[in-house]
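Q: To be precise about what I am sending: the file is called structure34.cif and holds mmCIF, C-alpha atoms and all ligand atoms; chains and numbers go by the auth columns.
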data_input
loop_
_atom_site.group_PDB
_atom_site.id
_atom_site.type_symbol
_atom_site.label_atom_id
_atom_site.label_comp_id
_atom_site.label_asym_id
_atom_site.label_seq_id
_atom_site.Cartn_x
_atom_site.Cartn_y
_atom_site.Cartn_z
_atom_site.B_iso_or_equiv
_atom_site.auth_seq_id
_atom_site.auth_asym_id
ATOM 1 C CA MET A 1 -7.782 -5.219 1.262 0.00 562 A
ATOM 2 C CA THR A 2 -7.275 -3.806 4.753 0.00 563 A
ATOM 3 C CA SER A 3 -10.584 -3.501 6.616 0.00 564 A
ATOM 4 C CA SER A 4 -11.759 -3.217 10.204 0.00 565 A
ATOM 5 C CA HIS A 5 -13.329 -6.692 9.992 0.00 566 A
ATOM 6 C CA PRO A 6 -11.236 -9.817 9.480 0.00 567 A
ATOM 7 C CA PRO A 7 -12.292 -11.709 6.337 0.00 568 A
ATOM 8 C CA LEU A 8 -14.575 -14.734 6.716 0.00 569 A
ATOM 9 C CA ARG A 9 -12.773 -18.019 7.284 0.00 570 A
ATOM 10 C CA SER A 10 -11.961 -19.645 3.957 0.00 571 A
ATOM 11 C CA TYR A 11 -10.583 -22.797 5.605 0.00 572 A
ATOM 12 C CA GLY A 12 -12.090 -25.635 7.632 0.00 573 A
ATOM 13 C CA ARG A 13 -10.527 -27.058 10.774 0.00 574 A
ATOM 14 C CA LEU A 14 -7.319 -25.576 12.192 0.00 575 A
ATOM 15 C CA LYS A 15 -6.286 -28.964 13.583 0.00 576 A
ATOM 16 C CA SER A 16 -7.548 -32.536 13.181 0.00 577 A
ATOM 17 C CA ARG A 17 -5.766 -35.612 14.508 0.00 578 A
ATOM 18 C CA THR A 18 -2.948 -35.411 17.044 0.00 579 A
ATOM 19 C CA ILE A 19 0.290 -34.296 15.433 0.00 580 A
ATOM 20 C CA LYS A 20 2.954 -37.016 15.579 0.00 581 A
ATOM 21 C CA PRO A 21 5.745 -36.379 18.107 0.00 582 A
ATOM 22 C CA ARG A 22 8.446 -35.828 15.475 0.00 583 A
ATOM 23 C CA GLN A 23 6.324 -33.305 13.598 0.00 584 A
ATOM 24 C CA ALA A 24 5.275 -31.652 16.879 0.00 585 A
ATOM 25 C CA ALA A 25 8.975 -31.235 17.715 0.00 586 A
ATOM 26 C CA LEU A 26 9.536 -29.578 14.302 0.00 587 A
ATOM 27 C CA MET A 27 6.660 -27.170 15.069 0.00 588 A
ATOM 28 C CA ASP A 28 8.621 -26.101 18.163 0.00 589 A
ATOM 29 C CA THR A 29 12.124 -26.044 16.703 0.00 590 A
ATOM 30 C CA LEU A 30 11.999 -25.555 12.905 0.00 591 A
ATOM 31 C CA LEU A 31 8.847 -23.471 12.414 0.00 592 A
ATOM 32 C CA PRO A 32 10.089 -20.460 14.455 0.00 593 A
ATOM 33 C CA LYS A 33 13.188 -20.363 12.215 0.00 594 A
ATOM 34 C CA LEU A 34 11.158 -20.459 9.000 0.00 595 A
ATOM 35 C CA ARG A 35 8.329 -18.053 9.908 0.00 596 A
ATOM 36 C CA VAL A 36 8.121 -14.949 7.744 0.00 597 A
ATOM 37 C CA PRO A 37 8.347 -11.597 9.545 0.00 598 A
ATOM 38 C CA ALA A 38 5.165 -10.371 11.258 0.00 599 A
ATOM 39 C CA GLU A 39 5.721 -6.899 9.798 0.00 600 A
ATOM 40 C CA PRO A 40 5.848 -5.872 6.098 0.00 601 A
ATOM 41 C CA PHE A 41 8.657 -7.642 4.245 0.00 602 A
ATOM 42 C CA ASP A 42 9.949 -8.249 0.738 0.00 603 A
ATOM 43 C CA PRO A 43 9.807 -11.989 -0.082 0.00 604 A
ATOM 44 C CA ARG A 44 12.851 -11.656 -2.346 0.00 605 A
ATOM 45 C CA THR A 45 15.032 -10.860 0.672 0.00 606 A
ATOM 46 C CA LEU A 46 14.001 -13.888 2.761 0.00 607 A
ATOM 47 C CA VAL A 47 16.535 -16.249 1.208 0.00 608 A
ATOM 48 C CA PRO A 48 19.955 -14.700 0.535 0.00 609 A
ATOM 49 C CA GLY A 49 20.852 -14.791 -3.145 0.00 610 A
ATOM 50 C CA ALA A 50 17.412 -15.972 -4.321 0.00 611 A
ATOM 51 C CA ALA A 51 16.742 -15.107 -7.951 0.00 612 A
ATOM 52 C CA GLU A 52 12.941 -15.295 -7.647 0.00 613 A
ATOM 53 C CA ALA A 53 10.194 -15.416 -5.018 0.00 614 A
ATOM 54 C CA TRP A 54 7.228 -17.814 -5.280 0.00 615 A
ATOM 55 C CA LEU A 55 4.171 -18.179 -3.039 0.00 616 A
ATOM 56 C CA GLU A 56 1.864 -21.136 -2.472 0.00 617 A
ATOM 57 C CA ILE A 57 -1.453 -20.323 -0.805 0.00 618 A
ATOM 58 C CA GLY A 58 -3.053 -23.233 1.075 0.00 619 A
ATOM 59 C CA PHE A 59 -0.230 -25.732 0.640 0.00 620 A
ATOM 60 C CA GLY A 60 -2.073 -28.484 2.568 0.00 621 A
ATOM 61 C CA GLY A 61 0.448 -31.176 3.481 0.00 622 A
ATOM 62 C CA GLY A 62 3.245 -29.331 1.653 0.00 623 A
ATOM 63 C CA GLU A 63 3.982 -31.945 -1.023 0.00 624 A
ATOM 64 C CA HIS A 64 3.788 -29.494 -3.939 0.00 625 A
ATOM 65 C CA LEU A 65 5.632 -26.804 -1.986 0.00 626 A
ATOM 66 C CA ALA A 66 8.525 -29.075 -1.009 0.00 627 A
ATOM 67 C CA ALA A 67 8.853 -30.665 -4.462 0.00 628 A
ATOM 68 C CA GLN A 68 8.910 -27.284 -6.241 0.00 629 A
ATOM 69 C CA ALA A 69 11.358 -25.844 -3.709 0.00 630 A
ATOM 70 C CA ALA A 70 13.652 -28.843 -4.191 0.00 631 A
ATOM 71 C CA ARG A 71 13.575 -28.409 -7.966 0.00 632 A
ATOM 72 C CA ARG A 72 14.381 -24.709 -7.699 0.00 633 A
ATOM 73 C CA PRO A 73 16.914 -23.999 -4.937 0.00 634 A
ATOM 74 C CA ASP A 74 17.404 -20.529 -6.480 0.00 635 A
ATOM 75 C CA VAL A 75 13.817 -19.572 -5.552 0.00 636 A
ATOM 76 C CA ALA A 76 12.678 -18.178 -2.190 0.00 637 A
ATOM 77 C CA PHE A 77 9.522 -20.228 -1.699 0.00 638 A
ATOM 78 C CA VAL A 78 6.906 -18.878 0.719 0.00 639 A
ATOM 79 C CA GLY A 79 3.985 -21.038 1.832 0.00 640 A
ATOM 80 C CA ALA A 80 0.824 -20.011 3.694 0.00 641 A
ATOM 81 C CA GLU A 81 -1.402 -22.517 5.471 0.00 642 A
ATOM 82 C CA PRO A 82 -3.486 -22.143 8.653 0.00 643 A
ATOM 83 C CA PHE A 83 -4.172 -25.895 9.117 0.00 644 A
ATOM 84 C CA GLN A 84 -1.718 -27.015 11.807 0.00 645 A
ATOM 85 C CA ASN A 85 -1.501 -30.654 10.675 0.00 646 A
ATOM 86 C CA GLY A 86 -0.649 -29.406 7.179 0.00 647 A
ATOM 87 C CA VAL A 87 2.094 -27.126 8.507 0.00 648 A
ATOM 88 C CA ALA A 88 3.501 -30.013 10.581 0.00 649 A
ATOM 89 C CA SER A 89 3.537 -32.294 7.535 0.00 650 A
ATOM 90 C CA ALA A 90 5.221 -29.601 5.410 0.00 651 A
ATOM 91 C CA LEU A 91 7.900 -29.187 8.076 0.00 652 A
ATOM 92 C CA ARG A 92 8.604 -32.916 7.852 0.00 653 A
ATOM 93 C CA HIS A 93 9.044 -32.659 4.056 0.00 654 A
ATOM 94 C CA ILE A 94 11.279 -29.576 4.431 0.00 655 A
ATOM 95 C CA ASP A 95 13.370 -31.250 7.115 0.00 656 A
ATOM 96 C CA GLU A 96 13.718 -34.599 5.299 0.00 657 A
ATOM 97 C CA ALA A 97 14.748 -32.911 2.040 0.00 658 A
ATOM 98 C CA GLY A 98 17.087 -30.485 3.848 0.00 659 A
ATOM 99 C CA LEU A 99 15.443 -27.516 2.096 0.00 660 A
ATOM 100 C CA THR A 100 16.846 -24.111 3.022 0.00 661 A
ATOM 101 C CA ASN A 101 14.809 -21.978 0.594 0.00 662 A
ATOM 102 C CA VAL A 102 11.321 -22.313 2.157 0.00 663 A
ATOM 103 C CA ARG A 103 9.666 -19.819 4.516 0.00 664 A
ATOM 104 C CA LEU A 104 6.242 -20.261 6.088 0.00 665 A
ATOM 105 C CA HIS A 105 3.232 -18.325 7.314 0.00 666 A
ATOM 106 C CA ASP A 106 1.165 -20.621 9.529 0.00 667 A
ATOM 107 C CA GLY A 107 -1.976 -18.570 9.075 0.00 668 A
ATOM 108 C CA ASP A 108 -4.294 -16.904 6.601 0.00 669 A
ATOM 109 C CA ALA A 109 -2.646 -15.996 3.273 0.00 670 A
ATOM 110 C CA ARG A 110 -4.683 -12.808 3.094 0.00 671 A
ATOM 111 C CA GLU A 111 -2.753 -11.366 6.070 0.00 672 A
ATOM 112 C CA LEU A 112 0.469 -12.335 4.343 0.00 673 A
ATOM 113 C CA LEU A 113 -0.411 -10.653 1.036 0.00 674 A
ATOM 114 C CA GLU A 114 -1.020 -7.392 2.891 0.00 675 A
ATOM 115 C CA ARG A 115 2.568 -7.473 4.169 0.00 676 A
ATOM 116 C CA MET A 116 4.133 -7.866 0.726 0.00 677 A
ATOM 117 C CA PRO A 117 5.108 -4.952 -1.518 0.00 678 A
ATOM 118 C CA ASP A 118 3.775 -4.439 -5.051 0.00 679 A
ATOM 119 C CA ALA A 119 5.473 -6.503 -7.771 0.00 680 A
ATOM 120 C CA SER A 120 7.458 -8.687 -5.374 0.00 681 A
ATOM 121 C CA LEU A 121 6.487 -12.227 -6.498 0.00 682 A
ATOM 122 C CA ASP A 122 7.360 -14.193 -9.625 0.00 683 A
ATOM 123 C CA ARG A 123 4.802 -16.963 -9.144 0.00 684 A
ATOM 124 C CA ILE A 124 1.726 -17.711 -7.062 0.00 685 A
ATOM 125 C CA PHE A 125 0.020 -21.111 -6.741 0.00 686 A
ATOM 126 C CA ILE A 126 -3.515 -21.695 -5.441 0.00 687 A
ATOM 127 C CA LEU A 127 -4.112 -25.401 -5.905 0.00 688 A
ATOM 128 C CA PHE A 128 -7.377 -27.159 -5.107 0.00 689 A
ATOM 129 C CA PRO A 129 -8.610 -24.577 -2.589 0.00 690 A
ATOM 130 C CA ASP A 130 -11.557 -25.429 -0.324 0.00 691 A
ATOM 131 C CA PRO A 131 -14.509 -25.405 -2.744 0.00 692 A
ATOM 132 C CA TRP A 132 -17.301 -24.297 -0.393 0.00 693 A
ATOM 133 C CA PRO A 133 -19.859 -25.776 -2.836 0.00 694 A
ATOM 134 C CA LYS A 134 -23.059 -24.639 -1.092 0.00 695 A
ATOM 135 C CA ALA A 135 -24.313 -21.280 -2.378 0.00 696 A
ATOM 136 C CA ARG A 136 -24.629 -19.876 1.142 0.00 697 A
ATOM 137 C CA HIS A 137 -20.905 -20.591 1.684 0.00 698 A
ATOM 138 C CA HIS A 138 -19.623 -19.015 -1.542 0.00 699 A
ATOM 139 C CA LYS A 139 -18.614 -15.918 0.424 0.00 700 A
ATOM 140 C CA ARG A 140 -16.046 -18.131 2.200 0.00 701 A
ATOM 141 C CA ARG A 141 -14.272 -18.974 -1.046 0.00 702 A
ATOM 142 C CA LEU A 142 -10.720 -17.684 -1.032 0.00 703 A
ATOM 143 C CA LEU A 143 -10.872 -16.347 -4.554 0.00 704 A
ATOM 144 C CA GLN A 144 -12.977 -13.224 -4.031 0.00 705 A
ATOM 145 C CA ALA A 145 -12.583 -10.151 -6.274 0.00 706 A
ATOM 146 C CA ASP A 146 -10.553 -8.238 -3.630 0.00 707 A
ATOM 147 C CA VAL A 147 -8.160 -11.175 -3.223 0.00 708 A
ATOM 148 C CA ALA A 148 -7.695 -11.359 -7.012 0.00 709 A
ATOM 149 C CA VAL A 149 -6.734 -7.662 -6.970 0.00 710 A
ATOM 150 C CA GLU A 150 -4.182 -8.384 -4.215 0.00 711 A
ATOM 151 C CA LEU A 151 -2.721 -11.293 -6.203 0.00 712 A
ATOM 152 C CA ALA A 152 -2.289 -9.009 -9.221 0.00 713 A
ATOM 153 C CA ARG A 153 -0.729 -6.314 -7.046 0.00 714 A
ATOM 154 C CA VAL A 154 1.997 -8.524 -5.571 0.00 715 A
ATOM 155 C CA LEU A 155 2.907 -10.188 -8.881 0.00 716 A
ATOM 156 C CA LYS A 156 5.735 -8.694 -10.929 0.00 717 A
ATOM 157 C CA PRO A 157 5.007 -7.815 -14.560 0.00 718 A
ATOM 158 C CA GLY A 158 5.485 -11.135 -16.343 0.00 719 A
ATOM 159 C CA GLY A 159 4.836 -13.005 -13.069 0.00 720 A
ATOM 160 C CA ARG A 160 2.475 -15.966 -13.161 0.00 721 A
ATOM 161 C CA LEU A 161 -0.505 -17.178 -11.149 0.00 722 A
ATOM 162 C CA ARG A 162 -1.785 -20.762 -11.242 0.00 723 A
ATOM 163 C CA PHE A 163 -5.239 -21.668 -9.925 0.00 724 A
ATOM 164 C CA ALA A 164 -6.423 -25.281 -10.034 0.00 725 A
ATOM 165 C CA SER A 165 -9.656 -26.919 -8.948 0.00 726 A
ATOM 166 C CA ASP A 166 -11.760 -29.976 -9.671 0.00 727 A
ATOM 167 C CA TRP A 167 -15.027 -28.259 -8.801 0.00 728 A
ATOM 168 C CA ALA A 168 -16.614 -26.957 -12.021 0.00 729 A
ATOM 169 C CA ASP A 169 -18.554 -24.176 -10.317 0.00 730 A
ATOM 170 C CA TYR A 170 -15.464 -22.912 -8.458 0.00 731 A
ATOM 171 C CA VAL A 171 -13.434 -23.000 -11.680 0.00 732 A
ATOM 172 C CA ASN A 172 -16.045 -20.823 -13.417 0.00 733 A
ATOM 173 C CA TRP A 173 -16.354 -18.536 -10.374 0.00 734 A
ATOM 174 C CA SER A 174 -12.586 -18.022 -10.230 0.00 735 A
ATOM 175 C CA LEU A 175 -12.193 -17.581 -13.959 0.00 736 A
ATOM 176 C CA GLU A 176 -14.876 -14.879 -13.921 0.00 737 A
ATOM 177 C CA ARG A 177 -13.104 -12.981 -11.145 0.00 738 A
ATOM 178 C CA LEU A 178 -9.571 -13.439 -12.464 0.00 739 A
ATOM 179 C CA VAL A 179 -10.300 -12.352 -16.055 0.00 740 A
ATOM 180 C CA ALA A 180 -12.073 -9.278 -14.648 0.00 741 A
ATOM 181 C CA THR A 181 -8.975 -8.325 -12.595 0.00 742 A
ATOM 182 C CA PRO A 182 -6.905 -5.533 -14.142 0.00 743 A
ATOM 183 C CA GLY A 183 -3.356 -6.691 -14.872 0.00 744 A
ATOM 184 C CA LEU A 184 -4.125 -10.418 -15.126 0.00 745 A
ATOM 185 C CA LYS A 185 -4.238 -12.143 -18.505 0.00 746 A
ATOM 186 C CA TRP A 186 -5.370 -15.749 -18.955 0.00 747 A
ATOM 187 C CA THR A 187 -2.748 -17.567 -21.009 0.00 748 A
ATOM 188 C CA ALA A 188 -4.928 -20.421 -22.351 0.00 749 A
ATOM 189 C CA GLU A 189 -5.386 -20.666 -26.092 0.00 750 A
ATOM 190 C CA GLN A 190 -7.136 -24.015 -26.370 0.00 751 A
ATOM 191 C CA ALA A 191 -8.975 -26.458 -24.095 0.00 752 A
ATOM 192 C CA SER A 192 -5.927 -28.691 -23.657 0.00 753 A
ATOM 193 C CA ASP A 193 -4.204 -25.729 -21.945 0.00 754 A
ATOM 194 C CA TRP A 194 -6.581 -25.936 -18.973 0.00 755 A
ATOM 195 C CA ARG A 195 -7.384 -29.646 -19.141 0.00 756 A
ATOM 196 C CA THR A 196 -3.821 -30.986 -19.214 0.00 757 A
ATOM 197 C CA PRO A 197 -1.776 -30.678 -16.016 0.00 758 A
ATOM 198 C CA PRO A 198 1.086 -28.240 -16.740 0.00 759 A
ATOM 199 C CA ALA A 199 4.490 -29.877 -17.234 0.00 760 A
ATOM 200 C CA ASP A 200 5.813 -28.429 -13.971 0.00 761 A
ATOM 201 C CA HIS A 201 2.780 -29.429 -11.886 0.00 762 A
ATOM 202 C CA VAL A 202 3.274 -31.652 -8.827 0.00 763 A
ATOM 203 C CA THR A 203 0.257 -33.799 -7.886 0.00 764 A
ATOM 204 C CA THR A 204 -0.568 -34.141 -4.189 0.00 765 A
ATOM 205 C CA ARG A 205 -2.379 -36.927 -2.359 0.00 766 A
ATOM 206 C CA TYR A 206 -5.281 -34.528 -1.853 0.00 767 A
ATOM 207 C CA GLU A 207 -5.579 -33.908 -5.597 0.00 768 A
ATOM 208 C CA GLU A 208 -5.389 -37.651 -6.259 0.00 769 A
ATOM 209 C CA LYS A 209 -8.510 -38.210 -4.145 0.00 770 A
ATOM 210 C CA ARG A 210 -10.556 -36.455 -6.869 0.00 771 A
ATOM 211 C CA LEU A 211 -13.107 -35.127 -4.412 0.00 772 A
ATOM 212 C CA GLY A 212 -14.565 -32.626 -6.861 0.00 773 A
ATOM 213 C CA ASP A 213 -17.198 -32.970 -9.555 0.00 774 A
ATOM 214 C CA CYS A 214 -14.988 -32.552 -12.649 0.00 775 A
ATOM 215 C CA ALA A 215 -11.500 -33.408 -13.882 0.00 776 A
ATOM 216 C CA PRO A 216 -8.813 -31.024 -12.564 0.00 777 A
ATOM 217 C CA VAL A 217 -8.715 -27.688 -14.390 0.00 778 A
ATOM 218 C CA PHE A 218 -5.576 -25.524 -14.408 0.00 779 A
ATOM 219 C CA LEU A 219 -5.948 -21.782 -14.988 0.00 780 A
ATOM 220 C CA ASP A 220 -2.636 -20.025 -15.644 0.00 781 A
ATOM 221 C CA PHE A 221 -2.506 -16.221 -15.695 0.00 782 A
ATOM 222 C CA VAL A 222 0.305 -13.776 -16.449 0.00 783 A
ATOM 223 C CA LYS A 223 0.668 -10.304 -14.925 0.00 784 A
ATOM 224 C CA THR A 224 0.724 -7.775 -17.728 0.00 785 A
HETATM 225 C C1 LIG B . -8.473 -28.550 -0.047 0.00 801 B
HETATM 226 S S1 LIG B . -6.934 -28.173 0.612 0.00 801 B
HETATM 227 C C2 LIG B . -5.753 -28.431 -0.718 0.00 801 B
HETATM 228 C C3 LIG B . -4.342 -28.489 -0.238 0.00 801 B
HETATM 229 C C4 LIG B . -3.244 -28.472 -1.307 0.00 801 B
HETATM 230 N N1 LIG B . -3.245 -27.247 -2.062 0.00 801 B
HETATM 231 C C5 LIG B . -3.317 -29.668 -2.230 0.00 801 B
HETATM 232 O O1 LIG B . -3.704 -29.483 -3.389 0.00 801 B
HETATM 233 O O2 LIG B . -2.993 -30.762 -1.784 0.00 801 B
HETATM 234 C C6 LIG B . -7.026 -26.407 0.692 0.00 801 B
HETATM 235 C C7 LIG B . -6.111 -25.823 1.729 0.00 801 B
HETATM 236 O O3 LIG B . -6.202 -24.402 1.694 0.00 801 B
HETATM 237 C C8 LIG B . -6.060 -23.932 3.006 0.00 801 B
HETATM 238 N N2 LIG B . -6.610 -22.563 3.081 0.00 801 B
HETATM 239 C C9 LIG B . -7.919 -22.199 3.066 0.00 801 B
HETATM 240 N N3 LIG B . -8.035 -20.886 3.224 0.00 801 B
HETATM 241 C C10 LIG B . -6.769 -20.391 3.320 0.00 801 B
HETATM 242 C C11 LIG B . -6.243 -19.093 3.502 0.00 801 B
HETATM 243 N N4 LIG B . -7.049 -18.023 3.630 0.00 801 B
HETATM 244 N N5 LIG B . -4.909 -18.952 3.554 0.00 801 B
HETATM 245 C C12 LIG B . -4.090 -20.017 3.428 0.00 801 B
HETATM 246 N N6 LIG B . -4.534 -21.285 3.259 0.00 801 B
HETATM 247 C C13 LIG B . -5.858 -21.456 3.210 0.00 801 B
HETATM 248 C C14 LIG B . -6.827 -24.944 3.843 0.00 801 B
HETATM 249 O O4 LIG B . -6.455 -24.939 5.212 0.00 801 B
HETATM 250 C C15 LIG B . -6.466 -26.249 3.147 0.00 801 B
HETATM 251 O O5 LIG B . -5.345 -26.876 3.733 0.00 801 B
#
What does the file become when written as structure tokens?
Ligand SMILES: C[S@@+](CC[C@H](N)C(=O)[O-])C[C@H]1O[C@@H](n2cnc3c(N)ncnc32)[C@H](O)[C@@H]1O

A:
Amino acid sequence: MTSSHPPLRSYGRLKSRTIKPRQAALMDTLLPKLRVPAEPFDPRTLVPGAAEAWLEIGFGGGEHLAAQAARRPDVAFVGAEPFQNGVASALRHIDEAGLTNVRLHDGDARELLERMPDASLDRIFILFPDPWPKARHHKRRLLQADVAVELARVLKPGGRLRFASDWADYVNWSLERLVATPGLKWTAEQASDWRTPPADHVTTRYEEKRLGDCAPVFLDFVKT
């Protein structure tokens, strides 16, 4: 995916309202300790003794990230999010829950994927990504064919990818690209598999707003 041009922005604002003082303090003190290395690294080595490595792309306020990391202290959980208010909120969740198994990239996930070796992740989550509904903005959607190839590359055989959206057109767009990606196999067998939230799913306040044009759809893939 390396190219001489940076990819188009797939996210909106980098910052909105003023970050509360406590969260701003965590940006200064906790974030530097949790940042992933700026050079190539293996996510499995970030947390000593971790049995697995999971990645959440675009974690928003970090509710899903923190809840999953709390459930699975044996997992090194990496999160990528360029929106500063989201990172600040995630730091609050991490701090309040005393989580020691989370590492963060406060930037574009596509730069992060490039730094990870082949077959180094057990799970990847992309939940309710920015839909960019207007046709002229579709090129800003995160789930482009080259990104799907990168997701397949960094997943271990047997590793799993979850994509969720409540925008029908983005669901179809992503499904088209993911099923066409060598090494990714859609696990659904019947409609309830994509219509019912998976048992291990954690709903965020963003998801609850139901801003899309359809009920949430969950696409689970396995790396073959
Ligand atoms: C609509 S929000 C959903 C947040 C969260 N996943 C949830 O369900 O609550 C999508 C998030 O993806 C982030 N995002 C967009 N492009 C990204 C990229 N290239 N790398 C990492 N995060 C990205 C945005 O900043 C935004 O916070």

Q: To one decimal place in Å, what is the distance between CA of Ala729 (chain A) and CA of Thr785 (chain A)?

A: 26.5 Å

Q: So what do you get for CA of Gln629 (chain A) versus CA of Trp615 (chain A), distance-wise?

A: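 Distance between the two atoms: 9.7 Å.
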
Q: Using atom C11 of ligand LIG 801 (chain B) and CA of Glu672 (chain A) as the two end points, give the distance in Å to one decimal.

A: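 CA of Glu672 (chain A) lies 8.9 Å from atom C11 of ligand LIG 801 (chain B).
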
Q: Care to translate the PyMOL selection byres (((not hetatm)) within 9 of (chain B and resi 801)) into actual residues of this file, as a ChimeraX atom specification?

A: /A:568-575,617-626,640-648,666-673,686-692,701-703,725-726,764-769

Q: Could you check which of A:Ala649, A:Phe782, A:Trp728, A:Lys700 is closest to Thr579 (chain A), using all atoms listed in the file?

A: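 Going through A:Ala649, A:Phe782, A:Trp728, A:Lys700 one by one, the smallest distance to Thr579 (chain A) is for A:Ala649.
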
Q: Taking all atoms listed in the file into account, which of A:Trp755, A:Phe779, A:Phe638, A:Trp734 comes nearest Leu607 (chain A)?

A: A:Phe638
